[in-house]
Amino acid sequence: MGVRGLKTYIESRNRNDLRSWAFRDKQLIIDGCNLYYTLYFDCNLDQMHGGDYDAFEELIIQFFKNLRACAIHPYVVLDGGADHTDKKWETIRQRKQDKINAAFALSVGKKEKVLPILIKNVFRQLLHKLKVPLVQCLEEADWEIAALAEEWNCPVLSNDSDFYIFNLKAGLLPITHFQWKNVKVDRQTNKKFIQAKHFTVGKFCASFNMNTDLLPVFASILGNDYVKLQNIKCLTWAEYSVPGTQHAHIDGLLNWLSQFPEPEAAVSALLKLTDDKEKAITQEALSKGIHEYKLFPGSLAQFFDSKTIPRTTCTGPLQVLPKWTLKRLLEGKMSSSIIDALVHQRVFMTSQVEDFQLPCSSETSRPIRQVIYGLLLLGEQQTADKQALDIKTFTGTSKCYVEEYGRQQSKLSIQKVEAIQTGLSFEEPLSVRLQVLLDTLGVSSEMFRGIQPALHLQMFVTHYWLVNAQPQPSQVHLWGLLLGMVYGKFSSTPKTHKDMLLSPKKLQAAGRRMDLEHETPHLYSQWQSCLKWSLCLNSLLCFPVSEPEVACLYGGTLVHHVVRELRRGITLDCLLVRGSSAERLFKQLEDAVVSLVGDDFIKKMRTGFEHRAAGKTQRDYNGQNQPIDELSSSFEHLMYEDINDCEDDDDDDDLNGKGRKSKAKDHKSETPDVSYTIRTRHKAKARNANHPSKKYERRCFE
């Protein structure tokens, strides 16, 4: 994220470094990851319950609607995988530990910042739906963003302090000062605009009478994501600062550098301040740091203009991927985790709010990732290019491993995970690719007949979660999850959305009670992890089943609230008005689950009422039970609104029950964590693998 403290220093100066700009009718390059990070936290959306994706979706829709109203043409650029040179490796590791610490702090009721695990999926899907131009870089996006902005001569929207260093002609618009919520109208022209603050390197350096080429030297000395020069960083730069200045070390270093005409002179003077033993290392590090900020035409303009893959993109290990895969990666239709698994044979697990005394929630989804790794590293094309890929194998074996960086309690941990051979090539027919997905998630072709195609992936994932999650989900967890899907389906209806949201007071109360019970967030974190990696596998297989709208599948605050109220005694009948569209959709989801796991499985599940306080009943509607009435009214409202107007024909058929399997016969559920059946065109192959979670004793907070 650039130079620590620089953004605050610039904002604290009284030198007019940030100048007002009535911004409209221009192209705008948007740092996508920085945008969704900033907006999610600035708007105080849920973190403790796994995220409220529908509220985030509404926020992003309004953001781009306001840009359009001001004739602003956005181009969004997202980060991809880690740099192939690993120059940021130590920074990445430290940030991963920081994210684990933040998730742990939230789990015990402290304030921190943790993005929900599916936020990037939701953001990418939504931008495609809104037809906002989007590119996902194959590596870090900062340099490509700056190069594109310079090539097109348009500003960058970001809070990343690196963009205070890149010398961009059109400058930077910090998101913090981009007043997108308050669209204004020019009284003279009657045209709409967004009030913004504008930063340019030229004007900033002019206030120090300093050559703009010296700013990369400044960033390299103080340390950024790429260069760490601790001995130089700790020199007493504050001696050169103006008395009383905030961030005196930054102000002092800028004043010191301003005496030099060009970078070479500054570096030469700096080396005189270092020990002889460190001169060579220091000079090399400074040279690399300065090089990071040199701009020349990049590869994004070509892809934005023509959707053709730039030649410079198809280098190194990524050459083994077919062109359709590269195109989908660049379009943001595939997870960037694929890049890290292929190029580095390592993947970082996303930190979530969960029970830190239990194994990491991502362990439940590990068998799904093993199949992904096999497709990437053990396919026919990949085997032929092993030397180019530098695939990590054990001596004397053909086994391939990927390093997974997760957590052991609250510490960063590493585990070598074996890739599962599928024998599948990317050119296989749809039926074969579908079978790989079904076998991985433990679903037979007979089990899902009658389930509407639009529900396939979310129901397959729910089946996998029910069978493999540890501790085992209870009935209230299942019903809460399904009710959340019902809510997500109808919350996008303009007439009902606001009325269905819980009040801020109730949401805050829910957050305060979070630290009393960790089983529910841990289980739902497992479900979200399973969904994330199933989405990744489905895309890598070229979508044998349709991809659901992720924002509609999970609303953390509401789902946790439902679980709490079910445990207090309220029944499903109180939440779903008889004969309503909501009830019909819930019944459809319930039937889908039963068809996948069987009646016996549901009956043998824990009820989940072990947490209910003694004496609470459904009729206990005193002041403490007020949330029950509020939650009920959220769903009752569905019966009275004309929600059918927003449904497509397929959904109408779904809700009317056409083609739906009435009731599945009892049968044993297939468990993908114990055995997979990965079928190829030539013959069926059976493989066994012990699920990691079987190593741990089942723990339930009962």
# chains A, B, ... in the order shown; residues from 1 in each chain; ligands from 1
$ select_by_dssp --residues "range 47-211 of chain A" --states "strand (DSSP E)" --output "VMD selection string"
chain A and resid 73 to 78 134 to 136 156 to 157 172 to 173 184 to 185 192 to 198
$ residues_around --residues "Tyr37 in chain A" --least-positions-apart "6" --cutoff "10 Å" --atoms "only C-alpha atoms" --output "mmCIF file with N, CA, C and O atoms, in the first residue's frame"
data_model
loop_
_atom_site.group_PDB
_atom_site.id
_atom_site.type_symbol
_atom_site.label_atom_id
_atom_site.label_comp_id
_atom_site.auth_asym_id
_atom_site.auth_seq_id
_atom_site.Cartn_x
_atom_site.Cartn_y
_atom_site.Cartn_z
ATOM 1 N N LYS A 113 -10.829 -4.633 11.124
ATOM 2 C CA LYS A 113 -11.331 -4.598 9.761
ATOM 3 C C LYS A 113 -11.028 -5.926 9.073
ATOM 4 O O LYS A 113 -9.857 -6.272 8.877
ATOM 5 N N VAL A 114 -12.092 -6.653 8.722
ATOM 6 C CA VAL A 114 -11.963 -7.927 8.011
ATOM 7 C C VAL A 114 -12.997 -7.954 6.894
ATOM 8 O O VAL A 114 -14.205 -7.895 7.149
ATOM 9 N N LEU A 115 -12.526 -8.039 5.669
ATOM 10 C CA LEU A 115 -13.452 -8.126 4.540
ATOM 11 C C LEU A 115 -14.071 -9.512 4.473
ATOM 12 O O LEU A 115 -13.382 -10.516 4.689
ATOM 13 N N ILE A 119 -16.342 -11.127 -1.011
ATOM 14 C CA ILE A 119 -16.578 -9.744 -1.442
ATOM 15 C C ILE A 119 -16.070 -9.500 -2.859
ATOM 16 O O ILE A 119 -16.704 -8.798 -3.655
ATOM 17 N N LYS A 120 -14.927 -10.084 -3.227
ATOM 18 C CA LYS A 120 -14.398 -9.876 -4.574
ATOM 19 C C LYS A 120 -15.278 -10.570 -5.609
ATOM 20 O O LYS A 120 -15.483 -10.046 -6.705
ATOM 21 N N ASN A 159 -7.062 5.149 -2.796
ATOM 22 C CA ASN A 159 -6.474 5.640 -1.549
ATOM 23 C C ASN A 159 -5.064 5.106 -1.346
ATOM 24 O O ASN A 159 -4.442 5.367 -0.312
#
$ residues_around --residues "Met605 in chain A" --least-positions-apart "6" --cutoff "8 Å" --atoms "only C-alpha atoms" --output "NGL selection string"
:A and (472-475)
$ write_last_selection --atoms "all heavy atoms" --output "CSV table (one decimal), in the first residue's frame"
chain,number,residue,atom,x,y,z
A,472,GLN,N,-20.7,-30.7,13.2
A,472,GLN,CA,-21.7,-30.9,12.2
A,472,GLN,C,-22.8,-29.8,12.3
A,472,GLN,O,-23.2,-29.5,13.5
A,472,GLN,CB,-22.4,-32.3,12.4
A,472,GLN,CG,-23.4,-32.6,11.4
A,472,GLN,CD,-24.1,-33.9,11.7
A,472,GLN,OE1,-24.3,-34.2,12.9
A,472,GLN,NE2,-24.5,-34.7,10.7
A,473,PRO,N,-23.3,-29.3,11.2
A,473,PRO,CA,-24.4,-28.3,11.3
A,473,PRO,C,-25.6,-28.9,11.9
A,473,PRO,O,-25.9,-30.0,11.8
A,473,PRO,CB,-24.6,-27.9,9.9
A,473,PRO,CG,-23.4,-28.3,9.1
A,473,PRO,CD,-22.8,-29.5,9.9
A,474,SER,N,-26.4,-28.0,12.6
A,474,SER,CA,-27.7,-28.5,13.2
A,474,SER,C,-28.8,-28.0,12.2
A,474,SER,O,-28.5,-27.3,11.2
A,474,SER,CB,-27.9,-27.8,14.6
A,474,SER,OG,-28.0,-26.4,14.4
A,475,GLN,N,-30.0,-28.5,12.6
A,475,GLN,CA,-31.1,-28.1,11.7
A,475,GLN,C,-31.3,-26.6,11.7
A,475,GLN,O,-31.7,-26.0,10.6
A,475,GLN,CB,-32.4,-28.8,12.2
A,475,GLN,CG,-32.4,-30.3,12.0
A,475,GLN,CD,-33.6,-31.0,12.6
A,475,GLN,OE1,-34.6,-30.3,12.9
A,475,GLN,NE2,-33.6,-32.3,12.6
$ residues_around --residues "Pro297 in chain A" --least-positions-apart "5" --cutoff "10 Å" --atoms "only C-alpha atoms" --output "NGL selection string"
:A and (144 or 146-152)
$ residues_around --residues "range 458-470 of chain A" --least-positions-apart "2" --cutoff "7 Å" --atoms "only C-alpha atoms" --output "CSV table (one decimal) with N, CA, C and O atoms, in the first residue's frame"
chain,number,residue,atom,x,y,z
A,364,THR,N,-12.3,-27.5,5.6
A,364,THR,CA,-13.5,-28.2,5.1
A,364,THR,C,-13.5,-28.2,3.5
A,364,THR,O,-13.9,-29.2,2.9
A,441,LEU,N,-18.0,-32.7,-5.3
A,441,LEU,CA,-18.9,-32.3,-4.3
A,441,LEU,C,-19.8,-33.4,-3.7
A,441,LEU,O,-20.7,-33.2,-2.9
A,442,GLY,N,-19.5,-34.6,-4.2
A,442,GLY,CA,-20.2,-35.8,-3.6
A,442,GLY,C,-21.7,-35.9,-4.1
A,442,GLY,O,-22.5,-36.4,-3.3
A,443,VAL,N,-22.0,-35.5,-5.3
A,443,VAL,CA,-23.4,-35.5,-5.8
A,443,VAL,C,-23.4,-36.5,-7.0
A,443,VAL,O,-22.6,-36.4,-7.9
A,455,LEU,N,-30.5,-23.4,-9.2
A,455,LEU,CA,-30.1,-23.7,-7.8
A,455,LEU,C,-29.0,-24.7,-7.7
A,455,LEU,O,-28.6,-25.0,-6.5
A,456,HIS,N,-28.5,-25.3,-8.8
A,456,HIS,CA,-27.6,-26.4,-8.7
A,456,HIS,C,-26.4,-26.1,-7.8
A,456,HIS,O,-26.1,-26.8,-6.8
A,472,GLN,N,-20.7,-30.7,13.2
A,472,GLN,CA,-21.7,-30.9,12.2
A,472,GLN,C,-22.8,-29.8,12.3
A,472,GLN,O,-23.2,-29.5,13.5
A,473,PRO,N,-23.3,-29.3,11.2
A,473,PRO,CA,-24.4,-28.3,11.3
A,473,PRO,C,-25.6,-28.9,11.9
A,473,PRO,O,-25.9,-30.0,11.8
A,523,LEU,N,-19.4,-22.3,11.5
A,523,LEU,CA,-20.1,-23.2,10.5
A,523,LEU,C,-20.4,-22.4,9.2
A,523,LEU,O,-20.1,-22.9,8.1
A,526,GLN,N,-17.3,-21.9,7.2
A,526,GLN,CA,-17.0,-23.1,6.4
A,526,GLN,C,-17.9,-23.2,5.1
A,526,GLN,O,-17.4,-23.5,4.0
A,527,TRP,N,-19.2,-22.8,5.2
A,527,TRP,CA,-20.0,-22.8,4.0
A,527,TRP,C,-19.6,-21.8,3.0
A,527,TRP,O,-19.5,-22.1,1.8
A,530,CYS,N,-16.5,-23.1,1.3
A,530,CYS,CA,-16.9,-24.2,0.3
A,530,CYS,C,-17.5,-23.5,-1.0
A,530,CYS,O,-17.2,-24.0,-2.1
A,531,LEU,N,-18.3,-22.5,-0.8
A,531,LEU,CA,-18.9,-21.8,-2.0
A,531,LEU,C,-17.8,-21.1,-2.8
A,531,LEU,O,-17.8,-21.2,-4.0
A,592,ALA,N,-34.8,-29.6,-2.3
A,592,ALA,CA,-33.5,-29.8,-2.9
A,592,ALA,C,-32.5,-30.4,-2.0
A,592,ALA,O,-31.8,-31.4,-2.3
A,593,VAL,N,-32.5,-29.9,-0.7
A,593,VAL,CA,-31.6,-30.5,0.3
A,593,VAL,C,-31.9,-31.9,0.6
A,593,VAL,O,-31.0,-32.8,0.6
A,596,LEU,N,-30.8,-34.4,-1.9
A,596,LEU,CA,-29.4,-34.6,-2.0
A,596,LEU,C,-28.9,-35.4,-0.8
A,596,LEU,O,-28.0,-36.2,-1.0
A,597,VAL,N,-29.4,-35.2,0.4
A,597,VAL,CA,-28.9,-35.9,1.6
A,597,VAL,C,-29.8,-36.9,2.1
A,597,VAL,O,-29.4,-37.8,2.9
A,671,THR,N,-20.3,-39.0,0.2
A,671,THR,CA,-19.4,-38.1,1.0
A,671,THR,C,-18.1,-37.9,0.2
A,671,THR,O,-17.3,-38.8,0.2
A,673,ASP,N,-15.6,-36.2,1.0
A,673,ASP,CA,-14.4,-36.1,1.7
A,673,ASP,C,-13.7,-37.5,2.0
A,673,ASP,O,-12.5,-37.5,2.3
A,693,SER,N,-10.5,-32.8,8.3
A,693,SER,CA,-11.2,-32.5,9.5
A,693,SER,C,-11.5,-33.8,10.3
A,693,SER,O,-11.9,-33.7,11.5
A,698,ARG,N,-14.9,-34.2,17.0
A,698,ARG,CA,-16.0,-33.3,16.7
A,698,ARG,C,-16.3,-32.5,18.0
A,698,ARG,O,-16.5,-33.1,19.1
$ closest_residue --among "A:Met334, A:Ala285, A:Ala69, A:Cys43" --to "Leu138 in chain A" --atoms "only C-alpha atoms"
A:Met334
$ residues_around --residues "range 347-355 of chain A" --least-positions-apart "5" --cutoff "7 Å" --atoms "only C-alpha atoms" --output "mmCIF file with all heavy atoms, in the first residue's frame"
data_model
loop_
_atom_site.group_PDB
_atom_site.id
_atom_site.type_symbol
_atom_site.label_atom_id
_atom_site.label_comp_id
_atom_site.auth_asym_id
_atom_site.auth_seq_id
_atom_site.Cartn_x
_atom_site.Cartn_y
_atom_site.Cartn_z
ATOM 1 N N MET A 48 -18.785 -9.049 11.417
ATOM 2 C CA MET A 48 -18.764 -10.090 12.444
ATOM 3 C C MET A 48 -19.569 -11.330 12.069
ATOM 4 O O MET A 48 -19.358 -12.401 12.637
ATOM 5 C CB MET A 48 -19.278 -9.531 13.768
ATOM 6 C CG MET A 48 -18.407 -8.426 14.327
ATOM 7 S SD MET A 48 -18.904 -7.920 15.975
ATOM 8 C CE MET A 48 -18.511 -9.373 16.927
ATOM 9 N N GLY A 50 -19.973 -12.557 8.824
ATOM 10 C CA GLY A 50 -19.646 -13.101 7.513
ATOM 11 C C GLY A 50 -20.004 -12.199 6.360
ATOM 12 O O GLY A 50 -19.834 -12.581 5.202
ATOM 13 N N LYS A 99 -4.003 -10.052 9.047
ATOM 14 C CA LYS A 99 -5.416 -10.347 8.792
ATOM 15 C C LYS A 99 -5.941 -11.428 9.733
ATOM 16 O O LYS A 99 -7.092 -11.384 10.161
ATOM 17 C CB LYS A 99 -5.608 -10.763 7.332
ATOM 18 C CG LYS A 99 -5.425 -9.604 6.354
ATOM 19 C CD LYS A 99 -5.564 -10.063 4.912
ATOM 20 C CE LYS A 99 -5.361 -8.889 3.955
ATOM 21 N NZ LYS A 99 -5.455 -9.318 2.530
ATOM 22 N N ILE A 100 -5.084 -12.396 10.048
ATOM 23 C CA ILE A 100 -5.473 -13.413 11.040
ATOM 24 C C ILE A 100 -5.701 -12.747 12.391
ATOM 25 O O ILE A 100 -6.688 -13.040 13.089
ATOM 26 C CB ILE A 100 -4.396 -14.512 11.141
ATOM 27 C CG1 ILE A 100 -4.328 -15.325 9.846
ATOM 28 C CG2 ILE A 100 -4.681 -15.439 12.325
ATOM 29 C CD1 ILE A 100 -3.175 -16.304 9.786
ATOM 30 N N ALA A 103 -9.021 -10.870 12.348
ATOM 31 C CA ALA A 103 -10.179 -11.769 12.430
ATOM 32 C C ALA A 103 -10.348 -12.305 13.851
ATOM 33 O O ALA A 103 -11.472 -12.423 14.359
ATOM 34 C CB ALA A 103 -10.022 -12.922 11.438
ATOM 35 N N PHE A 104 -9.238 -12.628 14.501
ATOM 36 C CA PHE A 104 -9.312 -13.105 15.880
ATOM 37 C C PHE A 104 -9.853 -12.018 16.801
ATOM 38 O O PHE A 104 -10.701 -12.283 17.667
ATOM 39 C CB PHE A 104 -7.928 -13.557 16.355
ATOM 40 C CG PHE A 104 -7.900 -13.960 17.806
ATOM 41 C CD1 PHE A 104 -8.450 -15.159 18.220
ATOM 42 C CD2 PHE A 104 -7.344 -13.124 18.763
ATOM 43 C CE1 PHE A 104 -8.440 -15.522 19.557
ATOM 44 C CE2 PHE A 104 -7.320 -13.470 20.096
ATOM 45 C CZ PHE A 104 -7.877 -14.683 20.499
ATOM 46 N N LEU A 106 -11.838 -9.552 16.072
ATOM 47 C CA LEU A 106 -13.288 -9.427 15.848
ATOM 48 C C LEU A 106 -14.052 -10.561 16.513
ATOM 49 O O LEU A 106 -15.153 -10.369 17.037
ATOM 50 C CB LEU A 106 -13.583 -9.413 14.352
ATOM 51 C CG LEU A 106 -13.626 -8.056 13.648
ATOM 52 C CD1 LEU A 106 -13.813 -8.244 12.157
ATOM 53 C CD2 LEU A 106 -14.744 -7.186 14.211
ATOM 54 N N SER A 107 -13.479 -11.768 16.492
ATOM 55 C CA SER A 107 -14.181 -12.933 17.051
ATOM 56 C C SER A 107 -14.375 -12.834 18.557
ATOM 57 O O SER A 107 -15.238 -13.514 19.115
ATOM 58 C CB SER A 107 -13.427 -14.224 16.707
ATOM 59 O OG SER A 107 -12.235 -14.336 17.469
ATOM 60 N N ILE A 117 -15.310 -13.010 2.915
ATOM 61 C CA ILE A 117 -14.531 -13.865 2.026
ATOM 62 C C ILE A 117 -14.983 -13.788 0.568
ATOM 63 O O ILE A 117 -14.180 -13.955 -0.353
ATOM 64 C CB ILE A 117 -14.594 -15.335 2.535
ATOM 65 C CG1 ILE A 117 -13.682 -16.241 1.702
ATOM 66 C CG2 ILE A 117 -16.011 -15.852 2.528
ATOM 67 C CD1 ILE A 117 -13.579 -17.648 2.260
ATOM 68 N N SER A 337 -6.876 -16.673 -7.537
ATOM 69 C CA SER A 337 -6.181 -17.730 -6.790
ATOM 70 C C SER A 337 -5.623 -18.784 -7.732
ATOM 71 O O SER A 337 -4.638 -19.461 -7.412
ATOM 72 C CB SER A 337 -7.132 -18.382 -5.789
ATOM 73 O OG SER A 337 -7.579 -17.451 -4.827
ATOM 74 N N ASP A 340 -1.993 -17.866 -8.514
ATOM 75 C CA ASP A 340 -1.028 -18.193 -7.461
ATOM 76 C C ASP A 340 -0.770 -19.695 -7.382
ATOM 77 O O ASP A 340 0.365 -20.123 -7.164
ATOM 78 C CB ASP A 340 -1.536 -17.681 -6.112
ATOM 79 C CG ASP A 340 -1.425 -16.175 -5.977
ATOM 80 O OD1 ASP A 340 -0.519 -15.596 -6.612
ATOM 81 O OD2 ASP A 340 -2.242 -15.572 -5.277
ATOM 82 N N ALA A 341 -1.832 -20.484 -7.537
ATOM 83 C CA ALA A 341 -1.663 -21.937 -7.485
ATOM 84 C C ALA A 341 -0.792 -22.424 -8.639
ATOM 85 O O ALA A 341 0.030 -23.337 -8.475
ATOM 86 C CB ALA A 341 -3.023 -22.624 -7.517
ATOM 87 N N SER A 362 -11.314 -23.113 6.435
ATOM 88 C CA SER A 362 -10.986 -23.467 5.051
ATOM 89 C C SER A 362 -10.594 -24.932 4.891
ATOM 90 O O SER A 362 -10.513 -25.433 3.768
ATOM 91 C CB SER A 362 -9.850 -22.575 4.533
ATOM 92 O OG SER A 362 -8.675 -22.769 5.299
ATOM 93 N N GLU A 403 1.420 -25.337 -1.472
ATOM 94 C CA GLU A 403 1.514 -24.852 -0.099
ATOM 95 C C GLU A 403 0.307 -23.988 0.218
ATOM 96 O O GLU A 403 0.051 -22.992 -0.457
ATOM 97 C CB GLU A 403 2.799 -24.034 0.090
ATOM 98 C CG GLU A 403 4.066 -24.843 -0.007
ATOM 99 C CD GLU A 403 5.304 -23.979 0.135
ATOM 100 O OE1 GLU A 403 5.172 -22.745 -0.028
ATOM 101 O OE2 GLU A 403 6.391 -24.517 0.408
ATOM 102 N N GLU A 404 -0.442 -24.386 1.237
ATOM 103 C CA GLU A 404 -1.592 -23.594 1.683
ATOM 104 C C GLU A 404 -1.218 -22.856 2.964
ATOM 105 O O GLU A 404 -0.773 -23.467 3.939
ATOM 106 C CB GLU A 404 -2.810 -24.495 1.929
ATOM 107 C CG GLU A 404 -3.416 -25.025 0.653
ATOM 108 C CD GLU A 404 -4.766 -25.687 0.869
ATOM 109 O OE1 GLU A 404 -5.166 -25.896 2.040
ATOM 110 O OE2 GLU A 404 -5.432 -25.981 -0.138
ATOM 111 N N TYR A 405 -1.430 -21.541 2.932
ATOM 112 C CA TYR A 405 -1.136 -20.701 4.089
ATOM 113 C C TYR A 405 -2.453 -20.382 4.799
ATOM 114 O O TYR A 405 -3.255 -19.594 4.317
ATOM 115 C CB TYR A 405 -0.428 -19.421 3.652
ATOM 116 C CG TYR A 405 1.000 -19.648 3.236
ATOM 117 C CD1 TYR A 405 1.298 -20.222 2.004
ATOM 118 C CD2 TYR A 405 2.060 -19.311 4.079
ATOM 119 C CE1 TYR A 405 2.613 -20.453 1.614
ATOM 120 C CE2 TYR A 405 3.380 -19.528 3.700
ATOM 121 C CZ TYR A 405 3.643 -20.104 2.466
ATOM 122 O OH TYR A 405 4.947 -20.339 2.094
ATOM 123 N N GLY A 406 -2.653 -21.065 5.917
ATOM 124 C CA GLY A 406 -3.854 -20.856 6.717
ATOM 125 C C GLY A 406 -3.476 -20.422 8.117
ATOM 126 O O GLY A 406 -2.565 -19.615 8.303
ATOM 127 N N HIS A 518 -19.618 -19.198 19.302
ATOM 128 C CA HIS A 518 -18.747 -19.202 18.133
ATOM 129 C C HIS A 518 -19.092 -20.292 17.123
ATOM 130 O O HIS A 518 -18.545 -20.299 16.028
ATOM 131 C CB HIS A 518 -17.287 -19.379 18.564
ATOM 132 C CG HIS A 518 -16.705 -18.160 19.213
ATOM 133 N ND1 HIS A 518 -16.626 -18.014 20.576
ATOM 134 C CD2 HIS A 518 -16.194 -17.022 18.678
ATOM 135 C CE1 HIS A 518 -16.072 -16.839 20.854
ATOM 136 N NE2 HIS A 518 -15.806 -16.220 19.727
ATOM 137 N N GLU A 519 -19.960 -21.207 17.494
ATOM 138 C CA GLU A 519 -20.251 -22.322 16.586
ATOM 139 C C GLU A 519 -20.899 -21.837 15.292
ATOM 140 O O GLU A 519 -20.518 -22.263 14.195
ATOM 141 C CB GLU A 519 -21.177 -23.336 17.270
ATOM 142 C CG GLU A 519 -21.488 -24.538 16.391
ATOM 143 C CD GLU A 519 -22.543 -25.437 17.014
ATOM 144 O OE1 GLU A 519 -23.673 -24.958 17.235
ATOM 145 O OE2 GLU A 519 -22.233 -26.604 17.266
ATOM 146 N N PRO A 521 -20.902 -18.771 13.647
ATOM 147 C CA PRO A 521 -20.008 -18.141 12.664
ATOM 148 C C PRO A 521 -18.993 -19.098 12.075
ATOM 149 O O PRO A 521 -18.633 -18.981 10.904
ATOM 150 C CB PRO A 521 -19.328 -17.017 13.457
ATOM 151 C CG PRO A 521 -19.547 -17.343 14.884
ATOM 152 C CD PRO A 521 -20.826 -18.095 14.960
ATOM 153 N N HIS A 522 -18.537 -20.067 12.863
ATOM 154 C CA HIS A 522 -17.559 -21.019 12.343
ATOM 155 C C HIS A 522 -18.181 -21.891 11.253
ATOM 156 O O HIS A 522 -17.563 -22.128 10.204
ATOM 157 C CB HIS A 522 -17.020 -21.903 13.473
ATOM 158 C CG HIS A 522 -15.774 -22.647 13.098
ATOM 159 N ND1 HIS A 522 -14.526 -22.093 13.186
ATOM 160 C CD2 HIS A 522 -15.594 -23.896 12.594
ATOM 161 C CE1 HIS A 522 -13.618 -22.961 12.768
ATOM 162 N NE2 HIS A 522 -14.248 -24.070 12.404
ATOM 163 N N SER A 525 -18.767 -19.804 8.161
ATOM 164 C CA SER A 525 -17.486 -19.526 7.509
ATOM 165 C C SER A 525 -17.061 -20.718 6.652
ATOM 166 O O SER A 525 -16.518 -20.549 5.552
ATOM 167 C CB SER A 525 -16.406 -19.219 8.553
ATOM 168 O OG SER A 525 -16.640 -17.975 9.172
#
$ atom_distance --atom1 "CA of Glu418 in chain A" --atom2 "CA of Tyr401 in chain A"
4.4 Å
$ closest_residue --among "A:Glu264, A:Glu517, A:Glu583, A:Asp600" --to "Val563 in chain A" --atoms "only C-alpha atoms"
A:Glu517
